[in-house]
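One structure below.
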Amino acid sequence: MNNSLKRFEFEKIMQIKSNQQFMADELSRLRDAGLYNRIPVLESPQGAWLVINGKKVLNLCSNNYLGLANHPVLIEEAKNILDEFGVGPGAVRTIAGTMQLHKDLESILSEFKKVESTLALQSGFVANQAVIPTMGADAIFTDSLNHASIIDGVRLTKASRFIYDHNSASDLQNKLEKAKDAKRKLIITDGVFSMDGDIAPIDEIAKLATEHEALLMVDDAHGEGVIGDHGRGISSHFNLHDGEVDIEVGTLSKAVGVVGGFISGSKVLTEYLEQKGRPFLFSSALTPPDVAASIAAVKILMSDDSLVKKLWKNGNYFQKALRDLGFDTGRTQTPITPVMIGEAKKSSEFSRKLLEAGVFAMSIGFPTVPKGMARIRAMVSAAHSIEDLDKGLECFENIGKELNLI
Ligand SMILES: *Cc1c(COP(=O)(O)O)cnc(C)c1O
């Protein structure tokens with residue numbers, strides 16, 4: 001950071017206006033509760049290692065599962081398109097016209113996900129805001145641990161809400177029966193739950209959806225590039241047939257390594273969303289370099305599954321070693337590795353000590369996870385070597401002992 005900017009920030013410390021005091025009060029409350037989120041500043045690109053405060057630290061925080069955020073082929077493709085097409089899309093696609101590039105991304109995503117059609121959007125979060133309110137459901141059935149972007153999407157509807165117990169097909173069935181008179185039903189679940197790493201029982205949920213003539217929507221943000229053949233995601237993981245999941249929401253911001261989101265399903269779905277989805281109609285498209293890099297990533301995924309295999313090998317190695325040390329890794333079924341701590345303050349302390357020891361792994365507390373279930377969320381990636389992970393494990397062991405957790 002340049003010096004004049006630093007100086008400016010110093011001088012900016014000023015008195016808080018009385019009408020803004022409530023924000024300062026809330027911030028002190030968060031600090032006291034150990035829930036204040038200090039966002040670390042990275043001085044290096046994403047990768048197995050990062051530089052924070054001038055120090056090299058092991059990165060166990062990113063969703064860059066396959067190491068693609070920094071992959072030479074993605075960088076090369078983004079650069080080429082940058083030179084040819086520039087930096088911006090001009091306006092929203094319905095007004096400025098849509099670049100062939102965006103169409104190419106949508107085709108390759110459809111091929112990858114083995115679906116009829118795909119619509120690309122600015123992020124996974126936005127994709128949920130585009131699709132959920134647009135379905136016009138009068139009853140929505142949503143898993144109690146669904147991602148915030150799903151919760152917010154549901155808030156934009158007038159539907160009655162039925163929140164079913166986490167991953168419980170039987171509770172979902174009860175709720176579907178309660179609402180059997182609803183005309184249009186929509187079931188929504190994460191595929192892989194980002195804070196626990198467990199997988200929704202989509203096979204059972206899809207059966208219920210068929211029986212009750214409900215639309216089924218799965219947010220596969222942590223599934224693409226991770227589960228299924230070549231990382232094709234949740235439908236591939238469960239060997240589901242074409243169209244059993246009506247709506248698949250995806251992200252380009254995690255395993256794909258770039259930024260962006262998409263919605264996959266039938267042709268009629270994406271055509272409808274192009275006419276009705278408000279974030280599609282009223283917010284500009286992804287930038288050309290983002291699209292080019294995403295296309296390159298999906299091509300890599302389709303042609304070669306070695307990164308996905310390495311991700312799983314690393315995840316299994318790391319989780320087994322943590323459990324052998326006596327840590328509780330919750331109910332994960334994927335490389336997402338929660339290290340359960342409990343109290344938010346202790347979890348923050350653990351994370352702080354890890355960073356001092358050279359390991360960057362964030363503490364996650366309320367409201368991202370339920371109260372009393374704070375945890376370190378360690379994300380291994382295909383970019384890590386076994387030596388990297390051993391270095392991380394050594395620090396977990398030392399600090400776990402120091403804090404009487406193991
Ligand atoms: C991360 C995540 C998103 C948001 O994706 P972005 O592309 O980062 O906006 C949406 N849904 C789920 C389940 C996620 O885990």
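Residue numbers start at 1 in each chain; chains themselves are named A, B, ... in the order of the structure tokens; ligands are numbered from 1 in the order shown.
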field: Spatial neighbours of range 85-94 of chain A, 8 Å, only C-alpha atoms, chain gap at least 4 places, as a ChimeraX atom specification
entry: /A:81,98-99,280-289
- request: Could the residues that lie within 8 Å of ligand 1, counting only C-alpha atoms and all ligand atoms, be listed as a ChimeraX atom specification?
  value: /A:122-128,146-150,190-194,219-222,249-254,259-261
Export of prior selection with C-alpha atoms as a short mmCIF file (atom, residue, chain, number, x, y, z; two decimals), in the first residue's frame:
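Contents of selection.cif, freshly written:
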data_model
loop_
_atom_site.label_atom_id
_atom_site.label_comp_id
_atom_site.auth_asym_id
_atom_site.auth_seq_id
_atom_site.Cartn_x
_atom_site.Cartn_y
_atom_site.Cartn_z
CA GLN A 122 -22.34 -12.42 -11.95
CA SER A 123 -21.94 -14.72 -8.95
CA GLY A 124 -23.43 -17.72 -7.20
CA PHE A 125 -25.10 -15.37 -4.73
CA VAL A 126 -26.70 -13.45 -7.57
CA ALA A 127 -27.76 -16.66 -9.31
CA ASN A 128 -29.89 -17.53 -6.28
CA ASN A 146 -28.92 -23.62 3.49
CA HIS A 147 -26.52 -20.89 2.37
CA ALA A 148 -27.31 -17.23 3.11
CA SER A 149 -27.84 -16.52 -0.60
CA ILE A 150 -30.67 -19.07 -0.63
CA ASP A 190 -27.26 -26.95 -0.88
CA GLY A 191 -25.59 -29.94 -2.50
CA VAL A 192 -22.49 -29.82 -0.29
CA PHE A 193 -22.90 -27.80 2.91
CA SER A 194 -20.08 -25.31 3.04
CA ASP A 219 -27.09 -25.18 -5.08
CA ASP A 220 -23.96 -27.03 -6.12
CA ALA A 221 -21.44 -24.28 -5.29
CA HIS A 222 -19.16 -26.60 -3.30
CA VAL A 249 -27.15 -23.33 -9.28
CA GLY A 250 -23.41 -23.12 -9.62
CA THR A 251 -20.50 -20.83 -9.00
CA LEU A 252 -17.37 -20.01 -10.94
CA SER A 253 -15.86 -18.53 -7.79
CA LYS A 254 -14.77 -21.70 -5.99
CA VAL A 259 -15.69 -15.37 -10.22
CA GLY A 260 -19.25 -15.73 -11.43
CA GLY A 261 -22.32 -17.89 -11.11
#
Between CA of Arg31 in chain A and CA of Thr368 in chain A, distance in Å (one decimal):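 Separating CA of Arg31 in chain A from CA of Thr368 in chain A is a distance of 16.0 Å.
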What are the nearest atom pairs, with distances in Å to one decimal, for all residues of range 324-381 of chain A that come at most 9 Å from range 195-213 of chain A, using only C-alpha atoms, set out by chain and rising residue number as a Markdown table?
| residue | atom | partner | partner_atom | distance |
| --- | --- | --- | --- | --- |
| A:Thr329 | CA | A:Asp196 | CA | 8.6 |
| A:Gly330 | CA | A:Asp196 | CA | 6.8 |
| A:Arg331 | CA | A:Asp198 | CA | 6.0 |
| A:Thr332 | CA | A:Gly197 | CA | 4.3 |
| A:Gln333 | CA | A:Asp198 | CA | 5.0 |
| A:Thr334 | CA | A:Gly197 | CA | 5.4 |
| A:Pro335 | CA | A:Gly197 | CA | 7.1 |
| A:Ile336 | CA | A:Gly197 | CA | 4.9 |
| A:Thr337 | CA | A:Gly197 | CA | 6.9 |
| A:Pro338 | CA | A:Asp196 | CA | 6.0 |
| A:Ile364 | CA | A:Met195 | CA | 8.3 |
| A:Thr368 | CA | A:Met195 | CA | 8.0 |
| A:Val369 | CA | A:Met195 | CA | 7.1 |
| A:Arg375 | CA | A:Met195 | CA | 8.9 |
| A:Arg377 | CA | A:Met195 | CA | 7.1 |
Can you write out the residues you just picked, keeping N, CA and C atoms, as a PDB file, in the first residue's frame?
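again30.pdb written:
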ATOM      1  N   THR A 329     -13.724 -33.626  13.534  1.00  0.00           N
ATOM      2  CA  THR A 329     -13.910 -32.990  12.224  1.00  0.00           C
ATOM      3  C   THR A 329     -15.371 -33.045  11.778  1.00  0.00           C
ATOM      4  N   GLY A 330     -16.263 -33.182  12.735  1.00  0.00           N
ATOM      5  CA  GLY A 330     -17.685 -33.062  12.429  1.00  0.00           C
ATOM      6  C   GLY A 330     -18.166 -34.157  11.494  1.00  0.00           C
ATOM      7  N   ARG A 331     -19.084 -33.782  10.597  1.00  0.00           N
ATOM      8  CA  ARG A 331     -19.710 -34.794   9.761  1.00  0.00           C
ATOM      9  C   ARG A 331     -19.307 -34.656   8.289  1.00  0.00           C
ATOM     10  N   THR A 332     -18.131 -34.149   8.054  1.00  0.00           N
ATOM     11  CA  THR A 332     -17.737 -33.889   6.661  1.00  0.00           C
ATOM     12  C   THR A 332     -17.650 -35.166   5.825  1.00  0.00           C
ATOM     13  N   GLN A 333     -18.032 -35.039   4.566  1.00  0.00           N
ATOM     14  CA  GLN A 333     -17.892 -36.129   3.594  1.00  0.00           C
ATOM     15  C   GLN A 333     -17.089 -35.659   2.388  1.00  0.00           C
ATOM     16  N   THR A 334     -16.502 -34.483   2.500  1.00  0.00           N
ATOM     17  CA  THR A 334     -15.807 -33.860   1.367  1.00  0.00           C
ATOM     18  C   THR A 334     -14.489 -33.269   1.887  1.00  0.00           C
ATOM     19  N   PRO A 335     -13.682 -32.660   1.027  1.00  0.00           N
ATOM     20  CA  PRO A 335     -12.434 -32.059   1.526  1.00  0.00           C
ATOM     21  C   PRO A 335     -12.631 -30.870   2.478  1.00  0.00           C
ATOM     22  N   ILE A 336     -13.829 -30.330   2.587  1.00  0.00           N
ATOM     23  CA  ILE A 336     -14.075 -29.268   3.575  1.00  0.00           C
ATOM     24  C   ILE A 336     -13.814 -29.859   4.964  1.00  0.00           C
ATOM     25  N   THR A 337     -12.950 -29.200   5.740  1.00  0.00           N
ATOM     26  CA  THR A 337     -12.538 -29.781   7.020  1.00  0.00           C
ATOM     27  C   THR A 337     -12.871 -28.871   8.195  1.00  0.00           C
ATOM     28  N   PRO A 338     -14.032 -29.084   8.822  1.00  0.00           N
ATOM     29  CA  PRO A 338     -14.318 -28.313  10.026  1.00  0.00           C
ATOM     30  C   PRO A 338     -13.559 -28.919  11.200  1.00  0.00           C
ATOM     31  N   ILE A 364     -14.839 -19.716  12.225  1.00  0.00           N
ATOM     32  CA  ILE A 364     -16.180 -19.385  11.743  1.00  0.00           C
ATOM     33  C   ILE A 364     -17.137 -19.460  12.928  1.00  0.00           C
ATOM     34  N   THR A 368     -22.750 -17.410  10.824  1.00  0.00           N
ATOM     35  CA  THR A 368     -22.475 -18.331   9.712  1.00  0.00           C
ATOM     36  C   THR A 368     -22.749 -19.778  10.135  1.00  0.00           C
ATOM     37  N   VAL A 369     -22.441 -20.096  11.386  1.00  0.00           N
ATOM     38  CA  VAL A 369     -22.806 -21.407  11.937  1.00  0.00           C
ATOM     39  C   VAL A 369     -23.589 -21.164  13.226  1.00  0.00           C
ATOM     40  N   ARG A 375     -16.004 -23.030  14.890  1.00  0.00           N
ATOM     41  CA  ARG A 375     -15.035 -24.000  14.387  1.00  0.00           C
ATOM     42  C   ARG A 375     -13.953 -23.310  13.577  1.00  0.00           C
ATOM     43  N   ARG A 377     -12.394 -23.636  10.042  1.00  0.00           N
ATOM     44  CA  ARG A 377     -12.729 -24.301   8.783  1.00  0.00           C
ATOM     45  C   ARG A 377     -11.466 -24.346   7.938  1.00  0.00           C
TER      46      ARG A 377
END
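Nearest residue to Asp138 in chain A, choosing from A:His71, A:Ala78, A:Ala214, A:His102 and counting only C-alpha atoms: A:Ala214.
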